[in-house]
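Here the structure is laid out as structure tokens; the discussion comes afterwards.
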Amino acid sequence: MPYLPADVTPIAISPETEPYWEGCNQGELRFQRCASCGTFRHPPAPICYACRGRETEWVRVSGRGTVYTYTVVHHPVHPKLGGSIPYNVVLVALDDAPGVRLVSNLVDAAPEELRVGLPVEVVFEASISDTQIPRFKVAR
């Protein structure tokens with residue numbers, strides 16, 4: 001069972017984000033990194049914000065990180081989310097992608113278990129478009 005209803009998570013894939021979503025569909029988190037200075041960036045961009053370089057590479061990361069911050073939603077922002085409340089939205093700082101923080105959900109924790117610094121690891125869940133969405137679970 002998906003954490004949130006699959007029909008509220010359609011994915012729009014652009015040429016800049018395609019390598020990211022291809023990785024997700026293969027069960028991998030991949031982030032763009034500047035080939036000149038090594039700065040990770042997400043969302044992907046054509047120019048590095050750190051050095052203005054244009055050469056990029058896509059790097060697979062472990063998918064392990066920590067909850068940087070979070071919120072628990074009690075009022076659905078979309079009618080189809082009414083059956084999912086309360087649900088969480090987490091911002092995860094990735095261990096091996098410095099500076100990258102990914103907005104997602106923590107799929108296996110009750111609201112009272114959430115805390116800043118909680119170790120997590122990525123899991124993938126299908127959207128309505130069959131694109132795999134990165135979600136997180138508590139790292140055991």
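Following the order of the structure tokens, first chain is A, next is B, and so on, with residues numbered from 1 inside each chain and ligands from 1 in the order they appear.
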- Task: Tell me which protein, DNA and RNA residues are within 9 Å of Gly63 in chain A, counting only C-alpha atoms, leaving out same-chain ones fewer than 3 positions away, and put them as a ChimeraX atom specification.
- Result: /A:28-30,60,94-96,120-123,136
- Picked from range 5-137 of chain A by DSSP as alpha helix (DSSP H), as number ranges by chain: A: 18-25
Residue selection dump (C-alpha atoms) as a PDB file, in the first residue's frame:
```pdb
ATOM      1  CA  GLU A  18      15.463  12.453 -16.532  1.00  0.00           C
ATOM      2  CA  PRO A  19      18.705  10.919 -15.102  1.00  0.00           C
ATOM      3  CA  TYR A  20      17.340  11.381 -11.582  1.00  0.00           C
ATOM      4  CA  TRP A  21      14.057   9.595 -12.383  1.00  0.00           C
ATOM      5  CA  GLU A  22      15.846   6.855 -14.372  1.00  0.00           C
ATOM      6  CA  GLY A  23      17.886   6.145 -11.262  1.00  0.00           C
ATOM      7  CA  CYS A  24      14.763   6.023  -9.101  1.00  0.00           C
ATOM      8  CA  ASN A  25      13.181   3.544 -11.529  1.00  0.00           C
TER       9      ASN A  25
END
```
When you look at range 70-82 of chain A with a cut-off of 8 Å (counting only C-alpha atoms), what residues show up, excluding the ones that are within fewer than 2 positions of it in the same chain? I need them as a PDB file with C-alpha atoms, in the first residue's frame.
```
ATOM      1  CA  LEU A   4       0.068   8.535  -0.134  1.00  0.00           C
ATOM      2  CA  PRO A   5      -2.501   7.771  -2.870  1.00  0.00           C
ATOM      3  CA  VAL A   8      -1.909  12.393  -6.448  1.00  0.00           C
ATOM      4  CA  VAL A  67      15.781  13.966   9.003  1.00  0.00           C
ATOM      5  CA  TYR A  68      16.796  17.622   8.726  1.00  0.00           C
ATOM      6  CA  SER A  84      -4.104   9.692   4.607  1.00  0.00           C
ATOM      7  CA  ILE A  85      -4.052  12.262   7.403  1.00  0.00           C
ATOM      8  CA  PRO A  86      -2.105  12.679   9.499  1.00  0.00           C
ATOM      9  CA  TYR A  87       0.872  12.247   7.165  1.00  0.00           C
ATOM     10  CA  ASN A  88       4.385  13.582   7.399  1.00  0.00           C
ATOM     11  CA  VAL A  89       6.590  15.572   5.086  1.00  0.00           C
ATOM     12  CA  VAL A  90      10.294  15.270   5.827  1.00  0.00           C
ATOM     13  CA  LEU A  91      13.372  17.053   4.554  1.00  0.00           C
ATOM     14  CA  PRO A 111       4.038  11.268  14.093  1.00  0.00           C
ATOM     15  CA  LEU A 114       9.595  11.835  14.186  1.00  0.00           C
ATOM     16  CA  ARG A 115      12.587  13.886  15.280  1.00  0.00           C
ATOM     17  CA  VAL A 116      15.341  15.956  13.759  1.00  0.00           C
TER      18      VAL A 116
END
```
- Message: Set the distance at 7 Å and use only C-alpha atoms: which residues neighbour range 126-134 of chain A once local chain neighbours fewer than 5 positions away are removed? I'd like the list as a PyMOL selection string.
- Response: chain A and resi 6-7+9-11+24-25+104
Selected residues written out with C-alpha atoms, as a compact mmCIF listing (two decimals), in the first residue's frame:
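As written to disk, selection00.txt reads:
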```txt
# COMPACT_ATOMS: atom_id res chain seq x y z
CA ALA A 6 -0.62 7.08 -6.10
CA ASP A 7 -3.01 9.17 -8.17
CA THR A 9 1.75 11.89 -7.35
CA PRO A 10 2.05 12.19 -11.14
CA ILE A 11 5.63 12.90 -12.17
CA CYS A 24 14.76 6.02 -9.10
CA ASN A 25 13.18 3.54 -11.53
CA SER A 104 9.83 13.22 0.90
```
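Distance-wise, CA of Arg64 in chain A and CA of Pro46 in chain A end up 25.9 Å apart.
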- Message: Please report the interatomic distance between CA of Ala45 in chain A and CA of Glu125 in chain A in Å with one decimal.
- Response: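 One can read the CA of Ala45 in chain A to CA of Glu125 in chain A distance as 24.9 Å.
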Find the spatial neighbours of Gly38 in chain A, counting only C-alpha atoms, within a cut-off of 12 Å - ignore same-chain residues fewer than 5 positions away - and output them as a short mmCIF file (atom, residue, chain, number, x, y, z; two decimals) with C-alpha atoms, in the first residue's frame.
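Final output, out-v7.cif:
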```cif
data_model
loop_
_atom_site.label_atom_id
_atom_site.label_comp_id
_atom_site.auth_asym_id
_atom_site.auth_seq_id
_atom_site.Cartn_x
_atom_site.Cartn_y
_atom_site.Cartn_z
CA PHE A 31 22.20 13.34 -7.91
CA GLN A 32 23.81 15.80 -10.23
CA ARG A 33 27.34 16.87 -9.31
CA CYS A 48 26.75 25.07 -11.02
CA TYR A 49 25.77 27.66 -8.45
CA ALA A 50 29.18 27.32 -6.73
CA CYS A 51 31.62 27.75 -9.64
CA ARG A 52 29.38 28.49 -12.64
CA GLY A 53 30.68 25.34 -14.36
CA ARG A 54 28.57 23.66 -17.03
CA GLU A 55 29.99 20.13 -16.95
CA THR A 56 28.00 17.72 -14.82
CA GLU A 57 27.96 14.09 -13.81
CA TRP A 58 25.33 11.94 -12.16
CA VAL A 59 26.45 10.14 -9.01
CA ALA A 97 25.65 14.11 -1.10
CA PRO A 98 26.72 17.19 0.89
CA GLY A 99 24.28 20.05 0.57
#
```
- So which bits of chain A end up strand (DSSP E) when you DSSP the backbone, as an NGL selection string? :A and (29-34 or 40-41 or 56-61 or 64-73 or 87-94 or 101-104 or 119-126 or 132-138)
- What does the distance from CA of Gly83 in chain A to CA of Ala139 in chain A come to in Å, to one decimal? 26.4 Å
